[in-house]
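Visitor: Compact mmCIF, C-alpha atoms, file coords_2.txt:
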# COMPACT_ATOMS: atom_id res chain seq x y z
CA MET A 1 -143.92 130.04 -62.64
CA GLY A 2 -142.41 128.37 -65.71
CA GLY A 3 -140.29 125.96 -63.68
CA LEU A 4 -138.58 124.71 -66.83
CA LEU A 5 -134.96 125.13 -65.75
CA THR A 6 -133.07 125.72 -62.52
CA PHE A 7 -129.71 127.41 -61.98
CA ARG A 8 -128.01 124.11 -61.14
CA GLU A 9 -129.44 122.47 -64.27
CA LYS A 10 -128.08 125.29 -66.41
CA MET A 11 -124.65 124.99 -64.78
CA ASP A 12 -124.67 121.28 -65.60
CA MET A 13 -124.75 122.21 -69.31
CA TYR A 14 -121.24 123.71 -69.02
CA ASP A 15 -118.03 121.69 -69.03
CA LYS A 16 -115.87 121.61 -65.91
CA GLU A 17 -113.25 124.04 -67.25
CA SER A 18 -115.91 126.68 -67.91
CA LEU A 19 -117.29 126.17 -64.42
CA LYS A 20 -113.82 126.62 -62.90
CA VAL A 21 -113.49 129.96 -64.72
CA PHE A 22 -116.90 131.05 -63.44
CA ALA A 23 -115.94 129.97 -59.91
CA ALA A 24 -112.78 132.09 -60.13
CA ASP A 25 -114.85 135.08 -61.28
CA LEU A 26 -117.01 134.57 -58.19
CA TRP A 27 -113.86 134.55 -56.05
CA LEU A 28 -114.36 130.94 -54.99
CA ARG A 29 -111.15 129.23 -53.88
CA LYS A 30 -109.91 125.64 -53.63
CA VAL A 31 -112.30 124.32 -56.28
CA SER A 32 -109.91 122.88 -58.88
CA GLN A 33 -109.99 119.37 -57.41
CA LEU A 34 -113.75 119.20 -56.91
CA LYS A 35 -115.94 116.87 -58.92
CA LYS A 36 -118.26 118.62 -61.34
CA GLU A 37 -121.38 118.16 -59.21
CA ASP A 38 -119.58 119.48 -56.12
CA LEU A 39 -118.25 122.46 -58.09
CA ILE A 40 -121.78 123.27 -59.28
CA GLU A 41 -122.99 123.15 -55.70
CA ARG A 42 -120.30 125.57 -54.51
CA ILE A 43 -121.15 127.98 -57.32
CA ALA A 44 -124.89 127.69 -56.62
CA GLU A 45 -124.41 128.39 -52.90
CA LYS A 46 -122.60 131.63 -53.71
CA PHE A 47 -124.72 132.73 -56.66
CA LEU A 48 -128.14 131.96 -55.15
CA ASN A 49 -127.37 133.50 -51.78
CA PRO A 50 -130.33 135.93 -51.41
CA GLU A 51 -128.10 138.90 -50.58
CA ASN A 52 -125.81 138.26 -53.56
CA LEU A 53 -128.78 137.75 -55.87
CA PHE A 54 -130.36 140.97 -54.55
CA TYR A 55 -127.39 143.02 -55.76
CA ARG A 56 -127.12 141.14 -59.07
CA LEU A 57 -130.75 141.70 -60.02
CA ALA A 58 -130.51 145.33 -58.89
CA LEU A 59 -128.48 145.98 -62.06
CA LEU A 60 -131.61 145.47 -64.16
CA ASP A 61 -133.72 148.40 -65.31
CA ASP A 62 -137.51 148.28 -65.62
CA THR A 63 -137.43 146.76 -69.12
CA ALA A 64 -135.07 143.97 -68.08
CA MET A 65 -137.05 143.21 -64.94
CA GLY A 66 -140.21 143.07 -67.04
CA LEU A 67 -138.62 140.50 -69.36
CA LEU A 68 -137.37 138.49 -66.38
CA LYS A 69 -140.91 138.43 -64.93
CA ALA A 70 -142.43 137.45 -68.28
CA GLY A 71 -139.88 134.65 -68.69
CA SER A 72 -140.83 133.26 -65.28
CA GLU A 73 -144.45 132.84 -66.37
CA ASN A 74 -144.13 131.57 -69.94
CA PRO A 75 -141.18 131.03 -72.30
CA MET A 76 -140.67 134.16 -74.41
CA GLU A 77 -140.20 133.31 -78.09
CA PHE A 78 -138.36 135.86 -80.25
CA SER A 79 -138.44 136.43 -83.96
CA LEU A 80 -135.32 137.25 -85.98
CA GLY A 81 -134.50 140.92 -85.46
CA ASP A 82 -136.63 141.23 -82.33
CA SER A 83 -135.07 144.05 -80.27
CA SER A 84 -135.84 142.22 -77.02
CA PHE A 85 -133.63 139.33 -78.07
CA ASP A 86 -130.46 141.30 -77.25
CA LEU A 87 -131.80 141.93 -73.75
CA ALA A 88 -132.64 138.24 -73.39
CA CYS A 89 -129.03 137.44 -74.35
CA THR A 90 -127.82 139.78 -71.60
CA LEU A 91 -129.98 138.01 -69.00
CA ASN A 92 -128.66 134.70 -70.28
CA GLU A 93 -125.06 135.91 -69.86
CA MET A 94 -125.92 137.08 -66.33
CA GLU A 95 -126.96 133.45 -65.62
CA VAL A 96 -130.44 134.45 -64.43
CA GLY A 97 -132.18 133.07 -67.52
CA SER A 98 -131.56 130.83 -70.51
CA ILE A 99 -132.22 130.79 -74.27
CA ASP A 100 -133.02 127.47 -75.91
CA GLU A 101 -132.57 126.29 -79.51
CA ARG A 102 -135.97 127.72 -80.47
CA ARG A 103 -134.86 131.25 -79.44
CA ARG A 104 -137.11 131.07 -76.37
CA PHE A 105 -136.10 132.88 -73.19
CA ILE A 106 -136.97 131.38 -69.81
CA THR A 107 -136.15 132.73 -66.36
CA LEU A 108 -134.38 130.24 -64.09
CA SER A 109 -137.07 129.08 -61.70
CA ASP A 110 -135.03 129.15 -58.48
CA VAL A 111 -133.68 132.62 -59.29
CA TRP A 112 -137.19 133.99 -59.64
CA GLU A 113 -138.42 132.11 -56.57
CA ILE A 114 -135.72 133.67 -54.38
CA CYS A 115 -136.54 137.09 -55.82
CA GLU A 116 -140.23 136.66 -55.04
CA LYS A 117 -139.94 135.10 -51.59
CA GLU A 118 -136.70 136.39 -50.07
CA PHE A 119 -136.44 140.04 -51.16
CA ASP A 120 -137.87 143.04 -49.32
CA HIS A 121 -139.57 144.32 -52.47
CA GLU A 122 -139.94 147.94 -51.41
CA LYS A 123 -136.27 148.14 -50.45
CA PHE A 124 -135.26 146.28 -53.63
CA GLU A 125 -137.17 148.60 -55.97
CA ILE A 126 -135.78 151.77 -54.35
CA TYR A 127 -132.23 150.41 -54.50
CA ARG A 128 -132.61 148.98 -58.02
CA GLU A 129 -133.73 152.31 -59.48
CA ARG A 130 -130.45 153.92 -58.40
CA ALA A 131 -128.04 151.01 -58.80
CA SER A 132 -129.22 150.16 -62.32
CA TRP A 133 -128.63 153.77 -63.36
CA VAL A 134 -125.09 153.77 -61.96
CA TRP A 135 -124.51 150.53 -63.87
CA LYS A 136 -125.60 152.21 -67.11
CA CYS A 137 -123.36 155.21 -66.44
CA LEU A 138 -120.46 152.86 -65.72
CA ARG A 139 -120.76 151.47 -69.25
CA TRP A 140 -120.28 155.00 -70.62
CA THR A 141 -117.21 155.65 -68.45
CA GLU A 142 -115.59 152.39 -69.55
CA TYR A 143 -115.93 153.00 -73.29
CA MET A 144 -115.82 156.80 -73.46
CA TYR A 145 -113.42 157.80 -70.66
CA GLY A 146 -111.33 154.79 -69.59
CA TYR A 147 -110.09 156.76 -66.58
CA THR A 148 -112.84 158.64 -64.72
CA PRO A 149 -112.34 160.97 -61.75
CA GLU A 150 -115.08 160.49 -59.16
CA ASP A 151 -116.43 164.03 -59.56
CA ILE A 152 -116.90 163.43 -63.31
CA PHE A 153 -118.63 160.09 -62.62
CA LEU A 154 -121.01 161.82 -60.21
CA LYS A 155 -121.71 164.60 -62.70
CA LEU A 156 -122.59 161.93 -65.26
CA ILE A 157 -124.84 160.05 -62.82
CA ASN A 158 -126.63 163.19 -61.72
CA THR A 159 -127.70 164.13 -65.25
CA LYS A 160 -130.74 161.99 -64.47
CA LYS A 161 -133.59 163.98 -63.02
CA LYS A 162 -133.93 163.79 -59.21
CA MET A 163 -130.90 161.48 -58.84
CA HIS A 164 -128.73 163.73 -56.55
CA MET A 165 -126.22 160.97 -55.71
CA THR A 166 -123.35 161.56 -53.29
CA SER A 167 -119.84 160.16 -53.34
CA GLU A 168 -120.65 157.93 -50.34
CA GLU A 169 -123.70 156.40 -52.04
CA LEU A 170 -121.80 155.86 -55.30
CA ARG A 171 -119.06 153.96 -53.49
CA GLU A 172 -121.58 151.86 -51.58
CA ILE A 173 -123.41 150.89 -54.79
CA PHE A 174 -120.19 150.26 -56.72
CA GLY A 175 -118.90 148.06 -53.89
CA HIS A 176 -121.86 145.70 -54.33
CA PHE A 177 -121.58 145.20 -58.09
CA PRO A 178 -121.05 141.46 -58.84
CA GLU A 179 -117.34 140.66 -59.18
CA ASP A 180 -117.82 138.45 -62.25
CA MET A 181 -119.50 141.27 -64.18
CA LEU A 182 -117.25 144.17 -63.20
CA SER A 183 -114.45 145.42 -65.47
CA THR A 184 -113.65 148.65 -63.59
CA LEU A 185 -111.72 149.20 -60.38
CA CYS A 186 -112.10 152.09 -57.95
CA ILE A 187 -108.66 153.36 -56.93
CA GLU A 188 -108.70 156.29 -54.52
CA ASP A 189 -110.81 158.95 -56.27
CA ALA A 190 -110.88 157.42 -59.75
CA TYR A 191 -112.68 154.64 -61.61
CA ILE A 192 -110.35 152.89 -64.05
CA GLU A 193 -111.23 150.32 -66.69
CA ARG A 194 -109.14 147.16 -66.15
CA ASN A 195 -107.44 147.34 -69.58
CA TYR A 196 -105.51 150.39 -68.35
CA ILE A 197 -104.40 148.85 -65.05
CA GLY A 198 -101.06 147.09 -65.26
CA ASN A 199 -100.89 147.74 -69.02
CA LYS A 200 -98.37 150.55 -69.31
CA ASN A 201 -98.54 150.81 -73.10
CA ALA A 202 -102.35 151.06 -73.16
CA SER A 203 -102.52 153.55 -70.30
CA GLU A 204 -99.81 155.78 -71.79
CA ALA A 205 -101.43 155.69 -75.23
CA LEU A 206 -104.76 156.71 -73.69
CA ARG A 207 -103.13 159.51 -71.68
CA ARG A 208 -101.36 160.88 -74.75
CA ALA A 209 -104.50 160.72 -76.90
CA GLN A 210 -106.77 162.38 -74.33
CA GLY A 211 -104.27 164.98 -73.12
CA ASP A 212 -106.04 167.69 -71.17
CA LYS A 213 -109.32 167.48 -73.09
CA ASP A 214 -112.56 168.10 -71.22
CA PHE A 215 -114.97 165.28 -70.41
CA TYR A 216 -118.11 165.17 -72.51
CA ILE A 217 -121.11 164.78 -70.19
CA PRO A 218 -123.92 163.09 -72.14
CA SER A 219 -127.61 163.54 -71.48
CA ALA A 220 -129.52 160.86 -69.57
CA ASP A 221 -131.12 159.78 -72.86
CA GLU A 222 -127.69 159.36 -74.46
CA VAL A 223 -126.48 157.24 -71.51
CA ASP A 224 -129.56 155.05 -71.81
CA GLU A 225 -129.26 154.66 -75.59
CA TYR A 226 -125.55 153.84 -75.41
CA TYR A 227 -126.19 151.21 -72.74
CA ARG A 228 -128.93 149.55 -74.82
CA THR A 229 -127.27 149.63 -78.23
CA GLY A 230 -123.57 150.44 -77.78
CA ALA A 231 -123.92 153.45 -80.09
CA LEU A 232 -125.72 156.77 -80.50
CA LEU A 233 -127.53 156.25 -83.78
CA SER A 234 -130.19 158.79 -82.80
CA HIS A 235 -127.70 161.59 -83.54
CA LYS A 236 -128.50 163.57 -86.69
CA PRO A 237 -125.57 162.39 -88.91
CA TYR A 238 -126.51 158.75 -88.34
CA GLN A 239 -130.20 159.46 -88.93
CA GLU A 240 -129.35 161.18 -92.23
CA MET A 241 -127.27 158.18 -93.31
CA ARG A 242 -130.04 155.80 -92.23
CA LYS A 243 -132.55 157.74 -94.35
CA PHE A 244 -130.22 157.41 -97.35
CA LEU A 245 -129.66 153.67 -96.80
CA VAL A 246 -133.37 152.92 -96.54
CA GLY A 247 -134.57 155.36 -99.20
CA ASP A 248 -131.87 155.45 -101.89
CA MET A 249 -130.12 152.11 -101.30
CA GLU A 250 -133.39 150.25 -100.55
CA MET A 251 -132.18 148.55 -97.38
CA ASP A 252 -134.73 147.45 -94.81
CA GLU A 253 -134.64 149.17 -91.42
CA ASP A 254 -132.94 146.30 -89.58
CA GLU A 255 -130.24 145.91 -92.24
CA ALA A 256 -129.52 149.65 -92.18
CA GLU A 257 -129.30 149.70 -88.39
CA ASP A 258 -126.95 146.72 -88.32
CA LEU A 259 -124.68 148.37 -90.89
CA LEU A 260 -124.58 151.63 -88.92
CA LEU A 261 -123.85 149.79 -85.66
CA ASP A 262 -120.94 148.03 -87.38
CA LEU A 263 -119.72 151.38 -88.72
CA TRP A 264 -119.91 152.95 -85.23
CA ASP A 265 -117.85 150.07 -83.80
CA LYS A 266 -115.20 150.40 -86.50
CA LEU A 267 -114.96 154.19 -86.16
CA THR A 268 -114.61 153.98 -82.38
CA MET A 269 -112.38 150.92 -82.09
CA GLU A 270 -110.13 150.83 -85.17
CA ASN A 271 -107.24 153.23 -85.73
CA ASP A 272 -107.50 153.13 -89.52
CA PRO A 273 -110.00 155.72 -90.81
CA HIS A 274 -109.12 155.07 -94.47
CA GLY A 275 -109.58 151.33 -94.00
CA VAL A 276 -112.97 151.90 -92.35
CA MET A 277 -114.04 154.15 -95.22
CA ARG A 278 -113.03 151.53 -97.79
CA TRP A 279 -114.93 148.88 -95.82
CA PHE A 280 -118.05 151.07 -95.78
CA TRP A 281 -117.82 151.74 -99.53
CA ASP A 282 -117.54 147.99 -100.18
CA GLN A 283 -120.99 147.45 -98.66
CA PHE A 284 -122.71 149.07 -101.66
CA GLU A 285 -123.34 148.48 -105.31
CA PHE A 286 -123.92 151.99 -106.59
CA THR A 287 -126.18 152.39 -109.60
CA ASP A 288 -125.39 156.00 -110.50
CA GLU A 289 -123.06 158.88 -109.71
CA ALA A 290 -125.71 160.65 -107.64
CA GLN A 291 -125.63 157.85 -105.06
CA VAL A 292 -121.85 158.10 -104.80
CA LYS A 293 -121.98 161.86 -104.28
CA LYS A 294 -124.74 161.49 -101.69
CA VAL A 295 -122.94 158.92 -99.57
CA VAL A 296 -119.74 161.00 -99.73
CA SER A 297 -121.62 164.08 -98.51
CA LEU A 298 -123.11 162.10 -95.60
CA TYR A 299 -120.04 160.12 -94.54
CA MET A 300 -117.74 162.86 -93.24
CA PRO A 301 -120.37 164.53 -91.01
CA LEU A 302 -121.09 161.06 -89.63
CA CYS A 303 -117.41 160.46 -88.84
CA ASN A 304 -117.12 163.86 -87.21
CA GLY A 305 -120.32 163.19 -85.26
CA THR A 306 -119.14 159.91 -83.66
CA ASN A 307 -118.29 160.07 -79.94
CA LEU A 308 -114.75 158.83 -79.25
CA LEU A 309 -112.72 157.53 -76.32
CA VAL A 310 -109.68 159.57 -77.43
CA ASN A 311 -111.81 162.73 -77.04
CA ARG A 312 -113.20 161.69 -73.64
CA GLY A 313 -116.59 161.14 -75.18
CA TYR A 314 -116.68 164.15 -77.47
CA ALA A 315 -117.43 163.78 -81.16
CA PRO A 316 -114.76 165.63 -83.20
CA ALA A 317 -117.32 168.17 -84.43
CA ASP A 318 -118.39 168.97 -80.86
CA MET A 319 -114.95 169.44 -79.31
CA PRO A 320 -114.89 172.70 -77.34
CA ARG A 321 -112.48 175.39 -78.42
CA PRO A 322 -109.51 175.52 -76.02
CA VAL A 323 -109.82 178.29 -73.45
CA LEU A 324 -106.61 180.28 -73.01
CA LYS A 325 -105.39 180.55 -69.46
CA PRO A 326 -104.23 183.95 -68.16
CA GLY A 327 -100.91 184.79 -69.78
CA GLN A 328 -101.17 181.97 -72.34
CA MET A 329 -100.69 183.13 -75.96
CA PRO A 330 -102.37 181.45 -78.94
CA THR A 331 -100.59 179.56 -81.70
CA ILE A 332 -100.44 181.43 -85.01
CA VAL A 333 -101.05 179.41 -88.19
CA PRO A 334 -100.76 180.78 -91.72
CA GLY A 335 -103.61 180.73 -94.22
CA SER A 336 -101.54 181.18 -97.36
CA SER A 337 -98.05 180.59 -98.73
CA ASN A 338 -97.29 184.32 -98.52
CA ALA A 339 -98.35 184.39 -94.86
CA ALA A 340 -96.23 181.29 -94.17
CA GLN A 341 -93.21 183.00 -95.69
CA MET A 342 -93.71 186.16 -93.61
CA LEU A 343 -94.31 184.19 -90.39
CA SER A 344 -91.20 182.11 -91.04
CA GLU A 345 -89.12 185.28 -91.26
CA ALA A 346 -90.76 186.82 -88.18
CA MET A 347 -90.73 183.66 -86.07
CA PRO A 348 -87.76 184.59 -83.82
CA GLU A 349 -89.40 187.86 -82.78
CA LEU A 350 -92.82 186.27 -82.32
CA LYS A 351 -91.36 183.62 -80.01
CA LYS A 352 -89.77 186.34 -77.88
CA MET A 353 -93.25 187.86 -77.49
CA GLY A 354 -94.64 184.52 -76.26
CA PHE A 355 -96.41 183.43 -79.46
CA SER A 356 -95.92 180.01 -80.99
CA VAL A 357 -96.07 179.49 -84.75
CA ASP A 358 -97.13 176.31 -86.56
CA LEU A 359 -96.34 176.62 -90.27
CA ASP A 360 -97.80 173.21 -91.12
CA ALA A 361 -101.12 173.17 -89.26
CA ASN A 362 -103.14 174.53 -92.20
CA ALA A 363 -100.95 173.11 -94.97
CA THR A 364 -101.81 170.24 -97.25
CA SER A 365 -99.17 168.37 -99.22
CA VAL A 366 -100.20 167.86 -102.85
CA PRO A 367 -98.27 166.12 -105.63
CA VAL A 368 -96.91 168.27 -108.45
CA PHE A 369 -95.66 166.98 -111.77
CA GLY A 370 -93.11 168.36 -114.21
CA MET A 371 -90.88 167.53 -117.17
CA SER A 372 -87.69 169.48 -116.63
CA ASN A 373 -86.15 168.55 -120.00
CA GLY A 374 -89.12 169.00 -122.31
CA VAL A 375 -92.25 167.07 -123.21
CA ASN A 376 -90.36 163.91 -124.11
CA SER A 377 -88.45 163.72 -120.82
CA PRO A 378 -89.54 161.53 -117.85
CA VAL A 379 -92.26 162.92 -115.57
CA GLN A 380 -90.88 164.00 -112.21
CA THR A 381 -93.07 164.25 -109.10
CA ALA A 382 -92.63 166.20 -105.92
CA GLN A 383 -94.69 167.40 -102.94
CA LYS A 384 -95.76 171.01 -102.53
CA LYS A 385 -97.38 172.64 -99.51
CA ILE A 386 -100.60 174.43 -100.27
CA TYR A 387 -102.62 176.58 -97.86
CA PRO A 388 -106.39 177.27 -97.74
CA ASN A 389 -106.11 180.74 -99.29
CA ASP A 390 -103.64 179.81 -102.05
CA PRO A 391 -104.85 179.59 -105.66
CA CYS A 392 -106.09 176.06 -106.33
CA PRO A 393 -103.48 174.04 -108.28
CA CYS A 394 -106.20 172.71 -110.60
CA GLY A 395 -106.18 176.09 -112.39
CA SER A 396 -109.79 177.03 -111.63
CA GLY A 397 -108.80 180.45 -110.35
CA LYS A 398 -110.57 179.81 -107.03
CA LYS A 399 -108.94 179.57 -103.61
CA TYR A 400 -107.92 176.03 -102.65
CA LYS A 401 -110.33 175.97 -99.68
CA LYS A 402 -113.25 176.79 -101.99
CA CYS A 403 -112.27 174.33 -104.72
CA CYS A 404 -110.33 171.05 -104.43
CA GLY A 405 -109.73 171.65 -100.73
CA ARG A 406 -113.43 171.09 -100.04
CA LYS A 407 -113.30 167.46 -101.24
Rewrite the coordinates I just gave you, this time as structure tokens.
Guide:
Amino acid sequence: MGGLLTFREKMDMYDKESLKVFAADLWLRKVSQLKKEDLIERIAEKFLNPENLFYRLALLDDTAMGLLKAGSENPMEFSLGDSSFDLACTLNEMEVGSIDERRRFITLSDVWEICEKEFDHEKFEIYRERASWVWKCLRWTEYMYGYTPEDIFLKLINTKKKMHMTSEELREIFGHFPEDMLSTLCIEDAYIERNYIGNKNASEALRRAQGDKDFYIPSADEVDEYYRTGALLSHKPYQEMRKFLVGDMEMDEDEAEDLLLDLWDKLTMENDPHGVMRWFWDQFEFTDEAQVKKVVSLYMPLCNGTNLLVNRGYAPADMPRPVLKPGQMPTIVPGSSNAAQMLSEAMPELKKMGFSVDLDANATSVPVFGMSNGVNSPVQTAQKKIYPNDPCPCGSGKKYKKCCGRK
């Protein structure tokens, strides 16, 4: 056992205000007037209670438990870019380990001692296998659904082979997640991320954006990857962009991965696609036109291949086609200006038949220029609707969808 640092010693490194916040997260009451050493003792009594620690450590998967064990024997020193460092940071935030100024991870000695001496190890390992998987799935529901009906949560959990979890077991496991680490509440038959509870604007915006879209159910591998990295860079569009960054732009692997993780975060969290695109372009110093064309050809598939909260986890390119309910008629959209004109004239009759018509769904507004009073008069601009099957305004003779409309 390393024995280099105890839980109480780590708590002593925090100021009193930080400790009071931690105590509140642990649902400790009447602590504001306590001296710092007494406050640390109250926190330690709650945190190091063997039953409480049992459920906290049960959130860790095999890799995390392996790192916790290694840190109890010898300090684990990490190099810059070491993938295990992120996991060490997670264990540090969970207050079961610590990272020193030399980037060494050590497991808190009393935490590991309680684990070794107080736990029923067979019971702990059986419970941990299931609880740690629910914890991973919960991360997906928080960032990809926001509001998750219990049957959808169970469907997600049971993508893992041989899991077969019931509603009763899910509720029992969820009820033992540590309060200070939980950002979801279970209300009746739904699991709701806290940002959408008591925040009417956020909840209404989410409801409007998601509408009646289906829930995307990821594979077990996708759940695991998203939990570890906060993204799904293994998907083909991201792998194609990574290959370009490393091969054509001569980035090293770590630099390329960091850039793609930043891009994922911006695409999923910022409501400014043009701003994100400009930011991404600013990361490069292109040396020739071929590089520009290549990154353009790779960027849009990547955007359309990013899983989004507003789509309940679906990437735009993977959204299922809407299934018409019995008696429900489709919406008609024109493909050309001539078709738009005819549909506009026939719209009253079509509506009587139950059809809806959207004249703008396929239309693109393009600027047109003219000089009404001759070549020496001022240039006047206006907007013109153009449809996919219209002649391209560039004069190529091709249809718009096969010419400028492809860009």
Visitor: Excluding region 280-291 of chain A and residues on its chain fewer than 4 positions from it, collect all residues at most 10 Å away from it, counting only C-alpha atoms, and give them as a PyMOL selection string.
Guide: chain A and resi 244-245+248-249+259-260+262-263+266+274-276+295-297+299
Visitor: Set the distance at 10 Å and use all atoms listed in the file: which residues neighbour Lys10 (chain A) once local chain neighbours fewer than 6 positions away are removed? I'd like the list as a list in words.
Guide: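 Residues near the query, excluding close chain neighbours: Ile40, Glu95, Val96, Gly97, Ser98 and Leu108 of chain A.
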Visitor: Kindly give the distance, in Å, that separates CA of Leu34 (chain A) and CA of Asn49 (chain A), rounded to a single decimal.
Guide: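 Separating CA of Leu34 (chain A) from CA of Asn49 (chain A) is a distance of 20.4 Å.
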Visitor: Which of these, A:Pro273, A:Tyr147, A:Asp15, A:Arg139, has the shortest distance to Ser203 (chain A) once you count only C-alpha atoms?
Guide: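 Checking each of A:Pro273, A:Tyr147, A:Asp15, A:Arg139 against Ser203 (chain A), counting only C-alpha atoms, the winner is A:Tyr147.
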Visitor: Residues at most 9 Å from region 68-72 of chain A, counting all atoms listed in the file, excluding those fewer than 5 positions away in the same chain, as a ChimeraX atom specification?
Guide: /A:1-4,63,88,91,96-97,104-109,112
Visitor: Extract, using only C-alpha atoms, all DNA, RNA and protein residues at most 12 Å from Arg102 (chain A), discarding same-chain residues fewer than 3 positions from it, and format them as a count of residues only.
Guide: 10
Visitor: For Asn338 (chain A), work out the shell of residues within 12 Å, counting all atoms listed in the file and skipping chain neighbours fewer than 2 positions away, then give it as a list in words.
Guide: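 The neighbour list is Pro334, Gly335, Ser336, Ala340, Gln341, Met342, Leu343, Ser344, Glu345, Leu359, Lys385, Ile386, Tyr387, Pro388, Asn389, Asp390 and Pro391 of chain A.
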Visitor: Tell me, in Å to one decimal, how far CA of Ala363 (chain A) is from CA of Asn271 (chain A).
Guide: 22.8 Å
Visitor: So which one's closest to His164 (chain A), A:Val134, A:Cys303, A:Leu39, A:Leu309? Using only C-alpha atoms, please.
Guide: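 With only C-alpha atoms as the atom set, the closest residue is A:Val134.
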Visitor: As a PDB file, in the coordinates of the input, could you write out region 165-185 of chain A once it has been completed with N, CA and C atoms?
Guide:
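Result file selection_3.pdb:
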ATOM      1  N   MET A 165    -127.023 161.981 -56.400  1.00  0.00           N
ATOM      2  CA  MET A 165    -126.220 160.970 -55.710  1.00  0.00           C
ATOM      3  C   MET A 165    -124.970 161.600 -55.116  1.00  0.00           C
ATOM      4  N   THR A 166    -124.566 161.109 -53.962  1.00  0.00           N
ATOM      5  CA  THR A 166    -123.350 161.560 -53.290  1.00  0.00           C
ATOM      6  C   THR A 166    -122.214 160.591 -53.539  1.00  0.00           C
ATOM      7  N   SER A 167    -121.006 161.020 -53.215  1.00  0.00           N
ATOM      8  CA  SER A 167    -119.840 160.160 -53.340  1.00  0.00           C
ATOM      9  C   SER A 167    -119.981 158.907 -52.478  1.00  0.00           C
ATOM     10  N   GLU A 168    -120.507 159.069 -51.270  1.00  0.00           N
ATOM     11  CA  GLU A 168    -120.650 157.930 -50.340  1.00  0.00           C
ATOM     12  C   GLU A 168    -121.613 156.892 -50.918  1.00  0.00           C
ATOM     13  N   GLU A 169    -122.729 157.353 -51.491  1.00  0.00           N
ATOM     14  CA  GLU A 169    -123.700 156.400 -52.040  1.00  0.00           C
ATOM     15  C   GLU A 169    -123.121 155.712 -53.279  1.00  0.00           C
ATOM     16  N   LEU A 170    -122.414 156.461 -54.119  1.00  0.00           N
ATOM     17  CA  LEU A 170    -121.800 155.860 -55.300  1.00  0.00           C
ATOM     18  C   LEU A 170    -120.851 154.739 -54.900  1.00  0.00           C
ATOM     19  N   ARG A 171    -120.024 154.983 -53.906  1.00  0.00           N
ATOM     20  CA  ARG A 171    -119.060 153.960 -53.490  1.00  0.00           C
ATOM     21  C   ARG A 171    -119.754 152.740 -52.887  1.00  0.00           C
ATOM     22  N   GLU A 172    -120.839 152.981 -52.177  1.00  0.00           N
ATOM     23  CA  GLU A 172    -121.580 151.860 -51.580  1.00  0.00           C
ATOM     24  C   GLU A 172    -122.196 151.000 -52.685  1.00  0.00           C
ATOM     25  N   ILE A 173    -122.806 151.625 -53.686  1.00  0.00           N
ATOM     26  CA  ILE A 173    -123.410 150.890 -54.790  1.00  0.00           C
ATOM     27  C   ILE A 173    -122.342 150.163 -55.601  1.00  0.00           C
ATOM     28  N   PHE A 174    -121.267 150.863 -55.931  1.00  0.00           N
ATOM     29  CA  PHE A 174    -120.190 150.260 -56.720  1.00  0.00           C
ATOM     30  C   PHE A 174    -119.598 149.057 -55.992  1.00  0.00           C
ATOM     31  N   GLY A 175    -119.479 149.147 -54.678  1.00  0.00           N
ATOM     32  CA  GLY A 175    -118.900 148.060 -53.890  1.00  0.00           C
ATOM     33  C   GLY A 175    -119.720 146.794 -53.887  1.00  0.00           C
ATOM     34  N   HIS A 176    -120.996 146.884 -54.294  1.00  0.00           N
ATOM     35  CA  HIS A 176    -121.860 145.700 -54.330  1.00  0.00           C
ATOM     36  C   HIS A 176    -122.092 145.170 -55.746  1.00  0.00           C
ATOM     37  N   PHE A 177    -121.445 145.756 -56.749  1.00  0.00           N
ATOM     38  CA  PHE A 177    -121.580 145.200 -58.090  1.00  0.00           C
ATOM     39  C   PHE A 177    -120.946 143.808 -58.121  1.00  0.00           C
ATOM     40  N   PRO A 178    -121.587 142.831 -58.794  1.00  0.00           N
ATOM     41  CA  PRO A 178    -121.050 141.460 -58.840  1.00  0.00           C
ATOM     42  C   PRO A 178    -119.642 141.413 -59.437  1.00  0.00           C
ATOM     43  N   GLU A 179    -118.734 140.699 -58.757  1.00  0.00           N
ATOM     44  CA  GLU A 179    -117.340 140.660 -59.180  1.00  0.00           C
ATOM     45  C   GLU A 179    -117.179 140.097 -60.590  1.00  0.00           C
ATOM     46  N   ASP A 180    -117.983 139.106 -60.948  1.00  0.00           N
ATOM     47  CA  ASP A 180    -117.820 138.450 -62.250  1.00  0.00           C
ATOM     48  C   ASP A 180    -118.286 139.316 -63.403  1.00  0.00           C
ATOM     49  N   MET A 181    -118.997 140.411 -63.117  1.00  0.00           N
ATOM     50  CA  MET A 181    -119.500 141.270 -64.180  1.00  0.00           C
ATOM     51  C   MET A 181    -118.768 142.607 -64.254  1.00  0.00           C
ATOM     52  N   LEU A 182    -117.863 142.854 -63.334  1.00  0.00           N
ATOM     53  CA  LEU A 182    -117.250 144.170 -63.200  1.00  0.00           C
ATOM     54  C   LEU A 182    -115.912 144.213 -63.940  1.00  0.00           C
ATOM     55  N   SER A 183    -115.727 145.248 -64.770  1.00  0.00           N
ATOM     56  CA  SER A 183    -114.450 145.420 -65.470  1.00  0.00           C
ATOM     57  C   SER A 183    -113.815 146.767 -65.153  1.00  0.00           C
ATOM     58  N   THR A 184    -114.212 147.374 -64.040  1.00  0.00           N
ATOM     59  CA  THR A 184    -113.650 148.650 -63.590  1.00  0.00           C
ATOM     60  C   THR A 184    -113.250 148.509 -62.121  1.00  0.00           C
ATOM     61  N   LEU A 185    -112.154 149.164 -61.766  1.00  0.00           N
ATOM     62  CA  LEU A 185    -111.720 149.200 -60.380  1.00  0.00           C
ATOM     63  C   LEU A 185    -111.781 150.632 -59.865  1.00  0.00           C
TER      64      LEU A 185
END
